[in-house]
Every structure is written in C-alpha cells, then in structure tokens.
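**Student:** Coordinates in target_1.cif, mmCIF, C-alpha atoms, are listed below.
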data_upload
#
loop_
_atom_site.label_atom_id
_atom_site.label_comp_id
_atom_site.auth_asym_id
_atom_site.auth_seq_id
_atom_site.Cartn_x
_atom_site.Cartn_y
_atom_site.Cartn_z
CA MET A 1 -10.05 29.67 -7.79
CA LEU A 2 -8.11 26.46 -8.40
CA ALA A 3 -4.93 28.38 -9.19
CA ALA A 4 -5.32 30.34 -5.95
CA MET A 5 -5.81 27.09 -4.03
CA CYS A 6 -2.60 25.67 -5.48
CA ARG A 7 -0.72 28.84 -4.56
CA GLU A 8 -2.07 28.53 -1.03
CA LEU A 9 -0.76 24.98 -0.86
CA GLU A 10 2.67 26.23 -1.88
CA THR A 11 2.67 28.64 1.07
CA LEU A 12 1.94 25.64 3.29
CA TYR A 13 4.91 23.66 1.97
CA PRO A 14 7.20 24.41 4.97
CA GLU A 15 4.45 23.22 7.30
CA MET A 16 3.96 20.05 5.25
CA VAL A 17 7.70 19.37 5.43
CA ARG A 18 7.60 19.88 9.20
CA ILE A 19 4.69 17.44 9.54
CA ARG A 20 6.34 14.87 7.31
CA ARG A 21 9.66 15.01 9.15
CA ASP A 22 8.00 14.76 12.54
CA LEU A 23 6.16 11.64 11.40
CA HIS A 24 9.38 10.28 9.92
CA MET A 25 11.26 10.73 13.19
CA TYR A 26 8.52 9.10 15.27
CA PRO A 27 7.09 6.25 13.16
CA GLU A 28 4.65 3.68 14.49
CA LEU A 29 4.21 0.11 13.30
CA SER A 30 1.06 -1.21 11.66
CA LEU A 31 -1.78 -1.82 14.11
CA GLN A 32 0.26 -0.12 16.86
CA GLU A 33 -0.39 3.49 15.87
CA VAL A 34 -1.27 5.71 18.82
CA ASN A 35 0.45 9.09 18.57
CA THR A 36 0.24 9.35 14.79
CA PRO A 37 -3.57 9.21 14.55
CA GLN A 38 -3.78 11.66 17.44
CA LYS A 39 -1.57 14.14 15.59
CA VAL A 40 -3.72 13.75 12.47
CA ALA A 41 -6.96 14.16 14.39
CA ASP A 42 -5.69 17.26 16.19
CA TYR A 43 -4.68 18.86 12.91
CA LEU A 44 -8.05 18.17 11.27
CA GLU A 45 -9.97 19.40 14.30
CA ASN A 46 -8.01 22.66 14.22
CA LEU A 47 -9.25 23.11 10.66
CA GLY A 48 -12.83 22.90 11.90
CA LEU A 49 -13.62 19.52 10.38
CA GLU A 50 -15.91 16.91 11.86
CA VAL A 51 -13.47 14.26 13.06
CA ARG A 52 -13.98 10.62 14.00
CA THR A 53 -11.16 8.72 15.68
CA GLY A 54 -10.73 5.00 16.28
CA VAL A 55 -12.44 4.27 12.97
CA GLY A 56 -12.10 0.55 12.33
CA GLY A 57 -9.59 0.46 15.17
CA ARG A 58 -7.06 3.27 14.71
CA GLY A 59 -8.24 5.18 11.65
CA VAL A 60 -9.10 8.88 11.50
CA VAL A 61 -11.83 10.33 9.29
CA GLY A 62 -12.30 14.05 8.74
CA LEU A 63 -15.47 15.38 7.12
CA LEU A 64 -15.50 18.76 5.42
CA ARG A 65 -19.04 19.87 4.62
CA GLY A 66 -19.23 22.20 1.66
CA GLY A 67 -21.08 25.44 2.29
CA ALA A 68 -22.63 25.36 -1.18
CA ALA A 69 -23.70 21.73 -0.91
CA GLU A 70 -27.21 20.81 -1.95
CA LYS A 71 -29.36 17.82 -1.17
CA GLU A 72 -28.06 15.80 -4.11
CA SER A 73 -24.45 16.96 -3.78
CA ARG A 74 -21.58 14.54 -4.29
CA THR A 75 -19.01 13.46 -1.74
CA ILE A 76 -15.41 12.72 -2.63
CA ALA A 77 -13.03 10.74 -0.41
CA LEU A 78 -9.25 11.22 -0.39
CA ARG A 79 -7.09 8.65 1.36
CA ALA A 80 -3.62 8.51 2.92
CA ASP A 81 -2.04 5.82 5.12
CA PHE A 82 0.19 6.48 8.13
CA ASP A 83 1.75 3.22 9.39
CA ALA A 84 5.47 2.42 9.25
CA LEU A 85 7.58 -0.70 8.73
CA PRO A 86 9.86 -2.82 10.98
CA ILE A 87 13.05 -1.60 9.25
CA GLN A 88 16.08 0.14 10.74
CA ASP A 89 16.52 3.62 9.22
CA GLU A 90 20.03 3.76 7.74
CA LYS A 91 19.84 7.27 6.27
CA GLU A 92 22.01 10.02 7.67
CA VAL A 93 19.59 12.94 7.68
CA PRO A 94 18.39 15.30 10.45
CA TYR A 95 14.94 13.68 10.40
CA LYS A 96 16.20 10.09 10.68
CA SER A 97 13.87 7.80 12.64
CA LYS A 98 14.39 7.99 16.39
CA ILE A 99 12.57 4.70 16.97
CA PRO A 100 14.98 1.73 16.74
CA GLY A 101 13.96 -0.78 14.11
CA VAL A 102 10.98 1.25 12.86
CA MET A 103 10.96 3.42 9.77
CA HIS A 104 8.70 5.12 7.24
CA ALA A 105 10.25 3.17 4.37
CA CYS A 106 7.15 3.26 2.17
CA GLY A 107 6.40 6.98 2.11
CA HIS A 108 3.30 6.96 4.26
CA ASP A 109 4.58 10.04 6.07
CA LEU A 110 4.68 11.82 2.70
CA HIS A 111 1.13 10.66 1.95
CA THR A 112 -0.18 11.92 5.27
CA ALA A 113 1.44 15.35 5.04
CA SER A 114 0.18 15.75 1.47
CA LEU A 115 -3.41 15.02 2.45
CA LEU A 116 -3.27 17.26 5.51
CA GLY A 117 -2.03 20.09 3.30
CA ALA A 118 -4.90 19.54 0.89
CA ALA A 119 -7.36 19.47 3.81
CA HIS A 120 -5.98 22.78 5.05
CA VAL A 121 -6.53 24.48 1.69
CA LEU A 122 -9.97 22.98 1.08
CA SER A 123 -11.10 24.01 4.55
CA LYS A 124 -10.50 27.63 3.58
CA VAL A 125 -12.80 27.42 0.57
CA ARG A 126 -15.50 25.25 2.11
CA ASP A 127 -18.17 27.87 1.43
CA LYS A 128 -17.59 27.42 -2.29
CA LEU A 129 -17.68 23.62 -2.31
CA ARG A 130 -20.88 22.14 -3.75
CA GLY A 131 -20.44 18.92 -1.86
CA ASN A 132 -18.41 17.25 0.84
CA VAL A 133 -14.86 15.94 1.21
CA VAL A 134 -13.99 12.94 3.37
CA PHE A 135 -10.34 12.69 4.41
CA LEU A 136 -9.46 9.07 5.15
CA HIS A 137 -6.31 8.62 7.22
CA GLN A 138 -5.78 4.89 7.37
CA PHE A 139 -3.86 2.69 9.77
CA GLY A 140 -2.30 -0.71 9.18
CA GLU A 141 -1.89 -0.74 5.40
CA GLU A 142 1.35 -2.72 5.60
CA LYS A 143 0.01 -5.64 7.59
CA PRO A 144 -2.93 -7.81 6.48
CA PRO A 145 -5.81 -7.78 7.16
CA GLY A 146 -4.99 -4.06 6.91
CA GLY A 147 -7.00 -1.07 7.96
CA ALA A 148 -9.10 -0.39 4.86
CA LYS A 149 -11.59 -3.22 5.32
CA ALA A 150 -12.12 -2.42 8.99
CA MET A 151 -12.60 1.29 8.28
CA ILE A 152 -15.13 0.51 5.56
CA GLU A 153 -17.05 -1.75 7.94
CA ASP A 154 -17.03 1.17 10.39
CA GLY A 155 -18.71 3.43 7.84
CA CYS A 156 -15.86 5.49 6.42
CA LEU A 157 -17.34 5.28 2.91
CA ASP A 158 -20.94 5.99 3.89
CA GLY A 159 -22.28 8.55 1.44
CA VAL A 160 -19.06 8.61 -0.61
CA ASP A 161 -19.47 8.73 -4.39
CA VAL A 162 -15.86 8.58 -5.56
CA ILE A 163 -12.43 7.99 -4.00
CA TYR A 164 -8.81 8.71 -4.88
CA GLY A 165 -5.53 7.68 -3.31
CA ALA A 166 -1.87 8.33 -4.08
CA HIS A 167 1.37 6.50 -3.47
CA VAL A 168 4.88 7.88 -3.83
CA TRP A 169 7.00 5.92 -6.32
CA PRO A 170 10.82 6.12 -6.33
CA ALA A 171 11.07 4.59 -9.80
CA LEU A 172 9.49 7.82 -11.08
CA SER A 173 11.41 11.08 -10.96
CA VAL A 174 9.96 13.89 -8.89
CA GLY A 175 7.59 15.80 -11.16
CA GLU A 176 6.23 12.65 -12.83
CA VAL A 177 2.80 11.12 -12.26
CA ALA A 178 1.69 7.65 -13.36
CA VAL A 179 -1.57 5.74 -13.42
CA THR A 180 -2.86 2.42 -14.72
CA GLU A 181 -6.36 1.75 -15.99
CA GLY A 182 -7.97 -1.48 -14.81
CA TYR A 183 -5.74 -3.78 -12.79
CA ALA A 184 -2.96 -1.67 -11.28
CA MET A 185 -1.64 -3.76 -8.36
CA ALA A 186 -1.83 -7.47 -7.65
CA ALA A 187 -3.66 -9.62 -5.18
CA GLY A 188 -1.20 -11.25 -2.81
CA ASP A 189 -1.41 -14.15 -0.38
CA LEU A 190 1.18 -15.79 1.89
CA PHE A 191 1.55 -19.49 2.53
CA GLU A 192 3.30 -21.63 5.15
CA ILE A 193 4.08 -25.30 4.67
CA GLU A 194 5.33 -27.64 7.39
CA ILE A 195 6.67 -31.06 6.44
CA LYS A 196 6.95 -33.76 9.09
CA GLY A 197 8.98 -36.92 8.63
CA ARG A 198 11.40 -39.05 10.64
CA GLY A 199 14.79 -37.72 11.58
CA GLY A 200 17.94 -39.67 12.19
CA HIS A 201 21.68 -39.98 11.66
CA GLY A 202 23.10 -38.40 8.54
CA ALA A 203 24.97 -41.64 7.82
CA GLN A 204 21.74 -43.70 7.82
CA PRO A 205 19.30 -41.91 5.49
CA HIS A 206 17.54 -45.18 4.65
CA LEU A 207 16.16 -45.25 8.20
CA THR A 208 14.68 -41.77 7.95
CA VAL A 209 12.09 -39.73 6.09
CA ASP A 210 14.27 -36.79 5.10
CA THR A 211 12.11 -33.69 5.27
CA LEU A 212 14.84 -31.45 3.92
CA VAL A 213 14.97 -33.42 0.67
CA VAL A 214 11.18 -33.35 0.49
CA GLY A 215 11.21 -29.60 1.06
CA CYS A 216 13.74 -29.03 -1.71
CA GLN A 217 11.70 -31.18 -4.08
CA LEU A 218 8.57 -29.28 -3.13
CA VAL A 219 10.21 -25.94 -3.97
CA LEU A 220 10.91 -27.24 -7.48
CA ASN A 221 7.47 -28.79 -7.92
CA LEU A 222 5.68 -25.61 -6.89
CA GLN A 223 7.43 -23.74 -9.71
CA GLN A 224 5.40 -25.80 -12.19
CA ILE A 225 2.18 -24.09 -11.09
CA VAL A 226 2.83 -20.84 -12.96
CA SER A 227 4.71 -22.43 -15.85
CA ARG A 228 2.32 -25.34 -16.46
CA HIS A 229 -1.06 -24.59 -14.90
CA VAL A 230 -1.62 -20.84 -15.28
CA ASN A 231 -2.60 -19.47 -18.69
CA PRO A 232 0.53 -17.76 -20.07
CA LEU A 233 -1.61 -14.69 -20.83
CA GLU A 234 -2.42 -14.27 -17.14
CA PRO A 235 0.28 -12.62 -14.95
CA ALA A 236 1.18 -14.70 -11.90
CA VAL A 237 4.08 -15.09 -9.49
CA LEU A 238 4.86 -17.83 -6.98
CA THR A 239 7.88 -17.30 -4.77
CA VAL A 240 9.15 -19.62 -2.03
CA ALA A 241 11.04 -17.11 0.08
CA SER A 242 12.32 -19.20 2.98
CA ILE A 243 13.11 -22.80 3.86
CA HIS A 244 14.20 -23.83 7.34
CA SER A 245 15.26 -27.31 8.41
CA GLY A 246 17.82 -28.83 10.72
CA GLN A 247 20.67 -27.45 12.81
CA ALA A 248 23.50 -29.98 12.67
CA SER A 249 25.58 -31.12 9.70
CA ASN A 250 25.26 -34.82 10.51
CA VAL A 251 21.60 -35.02 11.57
CA ILE A 252 18.69 -35.53 9.18
CA PRO A 253 15.89 -33.24 10.43
CA ASP A 254 12.38 -34.46 11.12
CA THR A 255 10.71 -31.19 10.11
CA CYS A 256 11.06 -28.66 7.32
CA LYS A 257 9.20 -25.36 6.99
CA LEU A 258 8.68 -23.30 3.85
CA THR A 259 7.09 -19.89 3.41
CA GLY A 260 6.24 -17.93 0.31
CA THR A 261 3.84 -15.69 -1.55
CA ILE A 262 1.64 -15.74 -4.63
CA ARG A 263 0.69 -12.69 -6.71
CA CYS A 264 -1.84 -12.37 -9.54
CA PHE A 265 -4.74 -10.24 -10.76
CA ASN A 266 -7.45 -12.64 -11.89
CA PRO A 267 -9.49 -14.12 -8.99
CA ASP A 268 -9.81 -17.41 -10.89
CA VAL A 269 -6.02 -17.65 -11.17
CA ARG A 270 -5.76 -16.91 -7.48
CA GLN A 271 -8.09 -19.82 -6.69
CA LEU A 272 -6.24 -22.10 -9.11
CA MET A 273 -2.91 -21.35 -7.43
CA HIS A 274 -4.35 -22.09 -4.00
CA GLU A 275 -5.70 -25.42 -5.21
CA GLN A 276 -2.48 -26.42 -6.98
CA ILE A 277 -0.27 -25.53 -4.00
CA ALA A 278 -2.43 -27.77 -1.80
CA LYS A 279 -2.45 -30.59 -4.36
CA ILE A 280 1.28 -30.53 -5.04
CA THR A 281 2.18 -30.25 -1.35
CA LYS A 282 0.07 -33.29 -0.53
CA ALA A 283 1.36 -35.37 -3.43
CA THR A 284 5.03 -34.49 -2.93
CA CYS A 285 4.93 -35.32 0.76
CA GLU A 286 2.98 -38.54 0.33
CA ALA A 287 5.40 -39.76 -2.33
CA ALA A 288 8.17 -39.58 0.29
CA ASP A 289 6.10 -40.97 3.19
CA ALA A 290 6.10 -37.51 4.82
CA VAL A 291 3.16 -35.47 6.04
CA GLY A 292 2.63 -31.90 4.86
CA SER A 293 0.40 -29.22 6.35
CA LEU A 294 -0.46 -26.02 4.50
CA VAL A 295 -1.78 -22.69 5.82
CA PHE A 296 -2.74 -19.72 3.66
CA HIS A 297 -2.81 -16.15 4.91
CA LYS A 298 -5.03 -14.21 2.57
CA GLY A 299 -3.76 -10.77 1.67
CA TYR A 300 -5.31 -7.95 -0.29
CA ASP A 301 -7.36 -8.20 -3.44
CA ALA A 302 -6.07 -6.69 -6.65
CA VAL A 303 -6.35 -2.92 -7.13
CA TRP A 304 -8.69 -2.21 -10.05
CA ASN A 305 -8.81 1.41 -11.21
CA HIS A 306 -12.05 2.64 -12.76
CA PRO A 307 -11.56 4.09 -16.27
CA GLU A 308 -13.46 7.35 -15.75
CA GLN A 309 -11.51 8.18 -12.60
CA VAL A 310 -8.20 7.28 -14.31
CA ARG A 311 -9.01 9.87 -16.95
CA SER A 312 -9.75 12.40 -14.22
CA VAL A 313 -6.34 11.76 -12.66
CA GLU A 314 -4.64 12.13 -16.01
CA ALA A 315 -6.44 15.41 -16.74
CA ALA A 316 -5.51 16.81 -13.33
CA ALA A 317 -1.91 15.65 -13.62
CA MET A 318 -1.49 17.28 -17.03
CA LYS A 319 -2.44 20.59 -15.46
CA VAL A 320 -0.18 20.09 -12.44
CA VAL A 321 3.00 18.66 -14.01
CA GLY A 322 2.47 18.95 -17.75
CA GLU A 323 1.38 16.41 -20.34
CA ASP A 324 4.90 15.10 -20.96
CA LYS A 325 5.26 14.12 -17.29
CA VAL A 326 2.10 12.00 -17.14
CA LYS A 327 2.53 8.30 -17.81
CA ARG A 328 0.45 5.19 -18.12
CA VAL A 329 2.44 2.37 -16.59
CA GLU A 330 2.21 -1.41 -16.50
CA PRO A 331 0.54 -3.03 -13.50
CA SER A 332 2.72 -3.81 -10.50
CA MET A 333 2.82 -7.16 -8.71
CA THR A 334 3.02 -5.33 -5.38
CA GLY A 335 -0.16 -5.05 -3.34
CA GLU A 336 -2.27 -2.42 -1.60
CA ASP A 337 -5.44 -2.58 0.46
CA PHE A 338 -6.78 0.47 -1.39
CA SER A 339 -8.40 -2.31 -3.41
CA ALA A 340 -11.05 -2.62 -0.71
CA TYR A 341 -12.25 0.95 -1.27
CA LEU A 342 -12.39 0.50 -5.04
CA GLN A 343 -14.64 -2.53 -4.63
CA LYS A 344 -17.20 -0.27 -2.93
CA VAL A 345 -17.06 2.99 -4.90
CA PRO A 346 -15.49 4.15 -8.19
CA GLY A 347 -12.04 5.64 -7.93
CA ALA A 348 -8.39 5.47 -8.85
CA PHE A 349 -5.04 4.89 -7.17
CA PHE A 350 -2.12 6.72 -8.76
CA PHE A 351 1.64 7.11 -8.34
CA VAL A 352 3.68 10.25 -7.73
CA GLY A 353 7.40 10.34 -8.42
CA VAL A 354 9.85 10.99 -5.56
CA GLY A 355 13.09 9.91 -7.20
CA ASN A 356 15.97 12.39 -7.22
CA PRO A 357 19.63 11.25 -7.43
CA GLU A 358 20.83 14.68 -6.27
CA GLN A 359 19.14 14.04 -2.92
CA ASP A 360 20.17 10.36 -2.78
CA ALA A 361 16.49 9.51 -3.30
CA ILE A 362 17.36 6.47 -5.40
CA TYR A 363 16.37 3.55 -3.19
CA PRO A 364 13.21 1.45 -3.61
CA LEU A 365 10.29 1.25 -1.24
CA HIS A 366 10.96 -0.85 1.88
CA HIS A 367 14.70 -0.15 1.67
CA PRO A 368 16.58 0.96 4.85
CA ARG A 369 17.78 4.09 3.03
CA PHE A 370 14.54 4.98 1.29
CA ASP A 371 13.82 8.68 1.06
CA GLY A 372 11.89 10.86 -1.35
CA ASP A 373 12.06 14.37 -2.74
CA GLU A 374 9.62 16.19 -0.50
CA ARG A 375 8.45 18.41 -3.35
CA ALA A 376 6.34 15.44 -4.37
CA MET A 377 4.02 16.41 -1.52
CA LEU A 378 3.10 19.57 -3.41
CA ILE A 379 2.28 17.56 -6.51
CA THR A 380 0.21 15.06 -4.56
CA GLY A 381 -1.60 17.82 -2.69
CA LYS A 382 -2.34 19.74 -5.89
CA LEU A 383 -3.68 16.61 -7.54
CA PHE A 384 -6.03 16.11 -4.59
CA LEU A 385 -7.15 19.74 -4.93
CA HIS A 386 -7.80 19.37 -8.65
CA LEU A 387 -9.73 16.15 -8.18
CA ALA A 388 -11.84 17.61 -5.36
CA TRP A 389 -12.55 20.80 -7.29
CA LYS A 390 -13.58 18.83 -10.39
CA GLU A 391 -16.20 17.03 -8.30
CA LEU A 392 -17.35 19.91 -6.13
CA GLY A 393 -16.23 23.24 -7.60
#
For the file at hand, write its structure as structure tokens.
**Tutor:**
Amino acid sequence: MLAAMCRELETLYPEMVRIRRDLHMYPELSLQEVNTPQKVADYLENLGLEVRTGVGGRGVVGLLRGGAAEKESRTIALRADFDALPIQDEKEVPYKSKIPGVMHACGHDLHTASLLGAAHVLSKVRDKLRGNVVFLHQFGEEKPPGGAKAMIEDGCLDGVDVIYGAHVWPALSVGEVAVTEGYAMAAGDLFEIEIKGRGGHGAQPHLTVDTLVVGCQLVLNLQQIVSRHVNPLEPAVLTVASIHSGQASNVIPDTCKLTGTIRCFNPDVRQLMHEQIAKITKATCEAADAVGSLVFHKGYDAVWNHPEQVRSVEAAAMKVVGEDKVKRVEPSMTGEDFSAYLQKVPGAFFFVGVGNPEQDAIYPLHHPRFDGDERAMLITGKLFLHLAWKELG
C-alpha cells in the first residue's frame, strides 16, 4: 500500500510544481496572508477534508478522518508554513515573484505544495487509515510572535498525538535528508538599545556626552557576555547587527541606537544573557554619564526533537532516499516556531535537501536568488506519507 501511495504522489508531481510556482509568483508577507490560505483551504475542501480557516488568525487546518479509525485511534499532525519574506526576487525564472519586494526566499511554497500533495494521496486511502491526519498550514512563521502559538491556542493540536514538520535546506543536496535529536534549532531574541546623552560641536567634546563613543564601547562590552559569562560548553551567540548615530561629520550626536540578536538553546543561558545585557548596558552608560534604555523582543523557543520521532524520521528517510543519504547534523543557531508544537506533543522537525548547482540552486535561505530543486517536494511528501502510514496504517 505504501509503495502505491508513493507512486500516486509521483503522478501528482506536475500538479505540485504548478501549486508551488503559483505560490512563488504571488507571495504574501507574514501576518498579511489572504489569498494563500484561501488557495490552501479550497484545495483541502476539494479533497473532502473538514477544513477550518482563520485558525489563530490566518491559519488553515484540514482534518482527514480515517475510515478504519477506532475509539482509541491516534491522530498525527503534519505541518507546513506559507508566509513569504520582504526580499526582492532576483532570480530570472518563469515563476519569479510578481509582487515587488516580496519573495518566497525560505522555501515555504515548497513546504506547502509538499503537504498538499501528501494530503491528496492520503485522502484517497482514508478508508484504510486507522486514525486521523491533521494538516496544519501555518501563517506568520517568519515574524514573531509567529503563527504556531496562536494556532495552538485556537485548538489546532486538540486530540493530536504526534507531529512532524519539514524544512527545505539548500546546504543539503537534493536527495539528502537530515535530522537532529534533541536541540535542533536555537531560541532567538532581538534587542534594541537607545543611548541618550548631550550633543554638541565636534570640536568641543568635553562639553558633551558622546553617545556614539558610548555605543561603540557598549558593542565591545557586550561581546564579553558569551566569552566570559556563558559556560563554554553551552552554545550561544550575541550579535550587534546595527548601530545608528549622528548625521553630520562635525556634530557629536545626542542619541545612539543599537540593535542585535541573541541565540542559544538552554533556557538558563537565555535568561543569563538577558540579565547581562541589561547590566552591562546600564553600567556602560552610567560610566559615561549617559542614559541607556533596553527593550527585548522575545522570539521563538528552541526546537527540541523527541528521540522516538527522530528515529521514525530516519527509518522513513532510509526507505525514501536510501541509508547513505540520511544524515544526523549539528544543531543550527537559526530559529523556528515549530518549537511551540513540540512543547505540546512529541514530534520531530527535519530537513530536506534542495541544493543543485545544475539548477543554480546554490544560494542560502533568505537570499534574493534562493531557489530549490523541486524534486525535493516528492521526497518531503513521501516522508509525510511514510510517517502517517507508520502511525495509522
């Protein structure tokens, strides 16, 4: 049966490509998705699924009830995201984005088409499923607070026993699948610091409180947090990504603004970094008679993959792509709000290769020329089929 299901998915490949390219040409930004969720809902309704729209705001949830389900049957959830990024598409392909400044640069169009293909196949064998499948099509993954938390609060995981999600990964060649047990992706928060002092003439610095100098000193001082306060055995990153102050070459500015991000896995390290940023900002500013204000914007928690579900992904991937193409990889310091689902139910988040130099699919996620080998959709879809059949077949 599983082999027949995979063959059926292969016959759907042209349709999956069509869906993906349509989404790629008409992307919608996080928390602004209107047409995309409607397209997803229409497709799922045509398959005869029970469909909820506006879940958590803009999410779509499709429920496929197995015909062989019993009272104690299990329910598996499969998730894809569908929001795009504020990036100008610089590829020269027929399906290039038609929306200025908006692009599917993170592969969410590939995710969505893969899951819709899997839903199509599973809907044809619903009478043989000894349980239910929930298809989670999520909005707003790219922009905290994200869509996962809101969809969970709106009941998208009610009755769900296990969940899986996939992300395309250009660092992997098409045909490769990777997974990490335990911590797989980092928690990430943003911070903004504003320093206020006393501006004046560039020739009279003694009459000023030079916020630009304070800001530069603060950048250096903040680097001591990871190197001198975090246990060297705990991964952590602190990056000051922007500093803005002044406009004229002979005027000392009275304000300076810094922004940056922190990344780590351990919640205790996360709290430590918050505390140290606040402490060092206050001390650095006070030492120069300046005033500093700090605002944190909390991002997503770390993605923690459950061991049993990691093994399930590996077993499925070995059947789909072969044992030599399945990898265990180091955790990534990038973030994902799939973490919210994994805090509620067991599951795993895995990576599917889309890299292919022959198709110029060599650019990283969030790059203006990002693209992926579309055959990865077949691999992702087959993995979803294997995982669903393991639970319900």
**Student:** From the options A:Val310, A:Val40, A:Leu294, A:Val174, which residue's atoms come nearest to A:Ile277, counting only C-alpha atoms?
**Tutor:** A:Leu294
**Student:** Given the choices A:His104, A:Lys390, A:Arg18, A:Arg65, which gets closest to A:Ser123 if the distance is worked out from only C-alpha atoms?
**Tutor:**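 Between A:His104, A:Lys390, A:Arg18, A:Arg65, the residue approaching A:Ser123 most closely is A:Arg65.
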**Student:** Please evaluate the PyMOL selection byres ((chain A and resi 243-251) around 10) against the displayed coordinates and give the resulting residues as a ChimeraX atom specification.
**Tutor:** /A:192-195,199-205,210-213,215-216,219,240-242,252-260
**Student:** Give as a list in words the residues that the PyMOL selection byres ((chain A and resi 306) around 6) matches when applied to the coordinates above.
**Tutor:**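 This file, filtered by the PyMOL selection byres ((chain A and resi 306) around 6), leaves Asn305, Pro307, Glu308, Gln309, Pro346 and Gly347 of chain A.
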**Student:** Quick one: apply the PyMOL selection byres ((chain A and resi 29) around 12) to the file and drop the selected residues here as a compact mmCIF listing (two decimals) with C-alpha atoms, keeping the file's coordinate frame.
**Tutor:**
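The new file expr_13.txt reads:
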# COMPACT_ATOMS: atom_id res chain seq x y z
CA LEU A 23 6.16 11.64 11.40
CA HIS A 24 9.38 10.28 9.92
CA TYR A 26 8.52 9.10 15.27
CA PRO A 27 7.09 6.25 13.16
CA GLU A 28 4.65 3.68 14.49
CA SER A 30 1.06 -1.21 11.66
CA LEU A 31 -1.78 -1.82 14.11
CA GLN A 32 0.26 -0.12 16.86
CA GLU A 33 -0.39 3.49 15.87
CA VAL A 34 -1.27 5.71 18.82
CA ASN A 35 0.45 9.09 18.57
CA THR A 36 0.24 9.35 14.79
CA ARG A 58 -7.06 3.27 14.71
CA ASP A 81 -2.04 5.82 5.12
CA PHE A 82 0.19 6.48 8.13
CA ASP A 83 1.75 3.22 9.39
CA ALA A 84 5.47 2.42 9.25
CA LEU A 85 7.58 -0.70 8.73
CA PRO A 86 9.86 -2.82 10.98
CA ILE A 87 13.05 -1.60 9.25
CA ILE A 99 12.57 4.70 16.97
CA PRO A 100 14.98 1.73 16.74
CA GLY A 101 13.96 -0.78 14.11
CA VAL A 102 10.98 1.25 12.86
CA MET A 103 10.96 3.42 9.77
CA HIS A 104 8.70 5.12 7.24
CA ALA A 105 10.25 3.17 4.37
CA CYS A 106 7.15 3.26 2.17
CA HIS A 108 3.30 6.96 4.26
CA PHE A 139 -3.86 2.69 9.77
CA GLY A 140 -2.30 -0.71 9.18
CA GLU A 141 -1.89 -0.74 5.40
CA GLU A 142 1.35 -2.72 5.60
CA LYS A 143 0.01 -5.64 7.59
CA GLY A 146 -4.99 -4.06 6.91
